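S.K.: Here it is, the structure, as C-alpha cells.
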Amino acid sequence: MARWLSFLAQVAAFASLAWANSSTGDSVLVVLEKELQREQFSTFFNGLEERGYQLTFREPKAKSPAVSDADIPQFSHVILFSPTTKSYADDITPQSLVSLLASNVNIIFTLSPTQTPISSLASEFSLILPPPHTPLLSHFPPRDTPPTTIPISISANAPFVTPGTSPILFSGVPHALSTNPLVVPFVHAPPESFAAESESDGGADAVVDAAEKGGEGLWAGSSMGVITGFQTKGGGRAMWVGGVDVFSDDFAQSEVEKGVKSGNAQFSQDIAAWTFQETGVLRIDNTTHHKVGEVSSPETYTVNDRIVYTTHISKYDPTSSKWVPYSGLTDLQLEFTMLDPHIRTALKPLAGVPGAYQLTFRAPDRHGVFKFVIDYKRKGWSHLSSAITVPVVPPRHDGYPRFLSAAWPYYAGAMSTSVGFVLFSALWLAGDVRDGKKAKGKGKAE
Amino acid sequence: MRSILAVTALLAAFANAAKLGISSGHVTISSSDKTLLQSESISIEKPLKAPLELNSKDVLKLSFNVVEKTKKGDDGSAAQPHQTFLRFYDEVSGEEGIQPLRVTSSGKAKFELNMAKPPPSLPPTPAVSNSTHALDKPNPLTVSLILGSFTHEPLHARLFDLVLPASQPAPSHPEEASFHSLPEIKHTFRPDPTSPPKIISMIGAGVVLAPWVVLLGLWAAIPQSLPFLSSPSVLVFTALLGAFEGLLLWYWVALKLGQVLAYGAILGIATAAAGNRALSMLASARTKGM
C-alpha cells in the first residue's frame, strides 16, 4: 500500500499535465474503424500527444502502416479502437497480436457486444465474454441515461489509478475473470449489473432462462470485470476495455451525478499509462556477489563461506522519463538453489544506498552448482528475474582447520621423534670410541 | 444510441416512476425430513437481525410478491420487473453470487435453496478459524434483493444474513503462490566438529612425553664420557641437523612444498658435507688413538 501511495503521488504530479513518457518507446499505432471518428476521442488522443506519444492512425483494412514488418514490430504500442470490425488486413491477426505482446509491444483492446476475431482472443487472456449481443446493463443508480451507460465508481484498491478519481461512465460488455494471477483487474462491474439483451421489462424471462441454460450461468455481479489489464511474462501489457466509449469525449464531459464530472478523462490516461509501461515497471540494474570482506566475485565459493549478495533495482519514473533507484520493495526474496531452493530469505533494502538490496548468508555445506535466483512477480508490476550460477566446492586440502587441541598428543609425539633423532646423532658422534680402548686393554694384558 | 445527450422517454418515465417493493415476504428453513425449523416473515423495511443458519441438508425457501409501492408507501399492484436477483455477498472475502429469480405475471417469486444440491450461484463459504467459537464457521453471507426495471425506480435492499455450512475454498490458480512471498527456507548445517576438552589433550600429551622423563633419568644415572661433544665439526653437524628439524617445523606451520624442498636441498648438501667432515674427524681420532 505504501509503495502505491508513493507511486500515486508521482502520478498526481503527472496529472497536472507534466511530461510523461513510456519506458519502451513513443510510437503508437491507432487502428480506428470507419464508424468512429478521431474527433470523438479528441480528449484521449490529445492527452496522449501532450504526454509525448506520436500517434499514427489507420483503418483496420488498410495495409500500411503495418504493425510489424518481417516479425519486427514497427510501433511500441498499439491501440485497437475497432470493436465491431470483423475483418482486418493481413498484419492484424490474433496470432500476430500475441507475438507483438511477446516482443514487448503493449496493446489496448476494445470490445463490443458484437463478436469479432478480437473477442475470441479474449479467452486466451483468461477473460470469458458473455454471449454476443448482451451488453452490460444496470438499473442502478436510477438515472436519466439508458441502462447501458453505467456510472462505475473506481475503488480505492484499483491499482495505478490516481486516488480520488470520480466515477467513470461505461458502456459495453463485461467479462468473467479467471484466477490467473497475470490478470490485473482495474474496474469491476457494479454488483447490480448484468449482461442481457433485453430492452424492456418483458425480457425478464429471457434473463432467467439464460442463467439456467448456459454453462457459465448469468454474467452478473461484481465478480465480473469491465476493464482488465494483463501482464504477460515477456513484458508486454494488454488492456481489455469492455467498450470504446470509455475513451470518448461524450463520456469525458458528462456528469455522473449532479455537479460531479465523470473521471473518464483522467482514468483513460491512467490506464494508458499502465498499459504503455509508464507505471509499475521495475528492472534490475546489476547484481554482485562476493565473500564477506572481499570486493570482487570469486570464481568459486567454498562450502560454509559467508557470501554477500547485492542487487540494484530501479523503477521507471514517467515524469522524468528516467529509471530511478527504488528501495520500496518490502518482500523481495533471494533463493540459493541447486535443483531445489536450499535457502530462501528476504532481500532487505540497504540503508544509505538507494535502490540497493543486500543479503549476507552462509553457503550450505553441500557442494555443487548453485544459482542465485530472484523471481519477483506481483500483480500489476513487471516481473523481475535474475539467475546467476556459481560453483560451491568442498574445502581444498589445506582449507581445513589446523592446530586443533585434540592433536596435541600427536604433535608431542612427532616433536619427540625429531628431538630424539638429533639428540641421538649428537651423542653418538660425541661419544667414546670403545673398540680402540678394549683393543688397547687386551694388548696390554698380553 | 451512443450519445447520452439524447433525451429519451425514460426521462419522463422516471419523473413519475413508481417505486418497487415486496409484500408477504416469507422465509422458512426446514430439515431434510420436512420438519419446519424456522419460519420468519421478511420485509424491506425491517430486515432480519439474527442470521439464519443452515445445516448441510436443510432447505431454505423464500417467497415474496413483487409490488409497486404507491406514493404513500402502501402496496399497489403486482409488478414483473426486468431484474429480480438475489445477491449473496461475503463482506469479508468479497465473494459474491447472483441468483436470478423468476417472477410470475401476478408478481409471485420464490426461491428454494437445498443445501444437499446447492445451486452454482452460491459463492464459496470456506471455514474461517474464529477464536470465539469452538467450531470453525464460515463468515455470514449478506442476502440482498435487487429489483431493477426500465419503468420503475430500482431497489437494492438487504433481506437477511445467512450462515451456510462450510465449503471448500474457491479454487486458486497453481501459480498464484509465486505472486506472493513464499515461505522462508533455512538450511540446517551439520554441527561444527568439536574437540574433546583440552585437559584430556594435555593428559594425552603428558602420556606421550612421559618416556622422556624415564630416559633422561636413566641417562643421568649412567656414567657417560663424551669427549667429542664440544669439538667444532660435531657441533656444526648437530646445529645443521637442528636446522633441518627447524625447517620441518617451519614447513608444518607456513611453508609450501616447493619452498621446503628448495631450502631442504640447500640444507641437505650442507648437512651432508658437515657430517662427512665430522665422521672423518672421528675416524682420524680413532686411528690416532690406536
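Letters A, B, ... mark the chains of the C-alpha cells in the order given; residue numbers begin at 1 per chain; ligand numbers begin at 1, in order shown.
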Return the neighbours of chain A among the residues of chain B, cut-off 6 Å, counting only C-alpha atoms, as a list of chain:residue names.
M.R.: B:Leu11, B:Pro81, B:His82, B:Pro100, B:Gly148, B:His173, B:Glu176, B:Phe179, B:Glu184, B:Ile185, B:Lys186, B:His187, B:Ser195, B:Ser201, B:Gly204, B:Ala205, B:Leu226, B:Phe228, B:Leu229, B:Thr238, B:Met290
S.K.: Determine, counting only C-alpha atoms, which protein, DNA and RNA residues have an atom within 8 Å of an atom of Val163 (chain B); residues of the same chain fewer than 2 positions away are not included. Present the result as an MDAnalysis selection string.
M.R.: chainID B and resid 51:54 138:141 161 165
S.K.: Which one of A:Leu359, A:Ile128, A:Met338, A:Val353 sits closest to Ile313 (chain A) if you count only C-alpha atoms?
M.R.: A:Val353
S.K.: Rank B:Ala220, B:Leu235, B:Leu48, B:Ala254 by their smallest atom-to-atom distance to Thr142 (chain B), using only C-alpha atoms, and report the top residue only.
M.R.: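 Among the listed residues, the smallest separation from Thr142 (chain B) belongs to B:Leu48.
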S.K.: Counting only C-alpha atoms, which of A:Pro83, A:Gly368, A:Gly280, A:Gly234 gets nearest to Phe109 (chain A)?
M.R.: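 Nearest candidate to Phe109 (chain A) out of A:Pro83, A:Gly368, A:Gly280, A:Gly234: A:Pro83.
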S.K.: Step one, run DSSP on the backbone; step two, keep only residues of region 38-244 of chain B assigned to strand (DSSP E); then write them as a PyMOL selection string.
M.R.: chain B and resi 38-42+52-53+59-69+75-78+83-90+96-100+108-114+127-128+137-138+141-148+155-163
S.K.: Hey, what's within 7 Å of Leu86 (chain B) if we count only C-alpha atoms and toss same-chain stuff fewer than 4 positions away? As an NGL selection string, please?
M.R.: :B and (98-100 or 143-146)
S.K.: Counting only C-alpha atoms, what is within 10 Å of region 65-74 of chain A, bar same-chain residues fewer than 5 positions away, as a list in words?
M.R.: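 In the requested form, the answer reads Ser27, Val28, Leu29, Val31, Thr56, Phe57, Arg58, Glu59, Ala89, Asp90, Asp91, Ile92, Ser96, Leu97, Ser99, Leu100, Leu101, Ser103, Asn104 and Val105 of chain A.
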S.K.: Kindly save the residues from that selection, with N, CA and C atoms included, as a short mmCIF file (atom, residue, chain, number, x, y, z; two decimals), in the first residue's frame.
M.R.:
```cif
data_model
loop_
_atom_site.label_atom_id
_atom_site.label_comp_id
_atom_site.auth_asym_id
_atom_site.auth_seq_id
_atom_site.Cartn_x
_atom_site.Cartn_y
_atom_site.Cartn_z
N SER A 27 6.09 5.50 -30.09
CA SER A 27 5.26 5.44 -31.30
C SER A 27 4.03 4.59 -31.01
N VAL A 28 2.87 5.11 -31.34
CA VAL A 28 1.61 4.43 -31.09
C VAL A 28 0.86 4.31 -32.41
N LEU A 29 0.38 3.10 -32.69
CA LEU A 29 -0.47 2.92 -33.86
C LEU A 29 -1.90 2.81 -33.38
N VAL A 31 -5.57 1.90 -34.48
CA VAL A 31 -6.39 1.29 -35.53
C VAL A 31 -7.83 1.72 -35.26
N THR A 56 -0.15 7.44 -34.84
CA THR A 56 -0.35 7.19 -36.26
C THR A 56 -1.69 6.50 -36.40
N PHE A 57 -2.54 6.98 -37.32
CA PHE A 57 -3.89 6.43 -37.44
C PHE A 57 -4.01 5.62 -38.71
N ARG A 58 -4.79 4.56 -38.62
CA ARG A 58 -5.10 3.82 -39.83
C ARG A 58 -6.39 3.08 -39.62
N GLU A 59 -6.94 2.57 -40.72
CA GLU A 59 -8.18 1.79 -40.65
C GLU A 59 -7.83 0.31 -40.55
N ALA A 89 -6.80 -6.22 -42.06
CA ALA A 89 -5.75 -6.50 -43.04
C ALA A 89 -4.91 -7.67 -42.53
N ASP A 90 -4.05 -8.18 -43.39
CA ASP A 90 -3.35 -9.42 -43.05
C ASP A 90 -2.41 -9.29 -41.87
N ASP A 91 -1.97 -8.06 -41.56
CA ASP A 91 -0.96 -7.99 -40.50
C ASP A 91 -1.57 -8.03 -39.10
N ILE A 92 -2.89 -7.87 -39.00
CA ILE A 92 -3.52 -7.94 -37.68
C ILE A 92 -4.34 -9.21 -37.61
N SER A 96 -0.72 -12.60 -34.69
CA SER A 96 0.28 -11.53 -34.80
C SER A 96 0.20 -10.62 -33.58
N LEU A 97 -1.00 -10.43 -33.03
CA LEU A 97 -1.10 -9.58 -31.84
C LEU A 97 -0.42 -10.25 -30.65
N SER A 99 2.09 -12.33 -30.83
CA SER A 99 3.55 -12.28 -30.99
C SER A 99 4.05 -10.86 -30.77
N LEU A 100 3.21 -9.84 -31.02
CA LEU A 100 3.61 -8.47 -30.69
C LEU A 100 3.78 -8.32 -29.18
N LEU A 101 2.83 -8.89 -28.43
CA LEU A 101 2.95 -8.80 -26.98
C LEU A 101 4.21 -9.50 -26.49
N SER A 103 6.91 -9.51 -28.00
CA SER A 103 8.05 -8.65 -28.32
C SER A 103 7.99 -7.34 -27.57
N ASN A 104 7.30 -7.33 -26.44
CA ASN A 104 7.27 -6.15 -25.57
C ASN A 104 6.55 -4.96 -26.19
N VAL A 105 5.55 -5.23 -27.05
CA VAL A 105 4.68 -4.16 -27.56
C VAL A 105 3.41 -4.22 -26.72
#
```
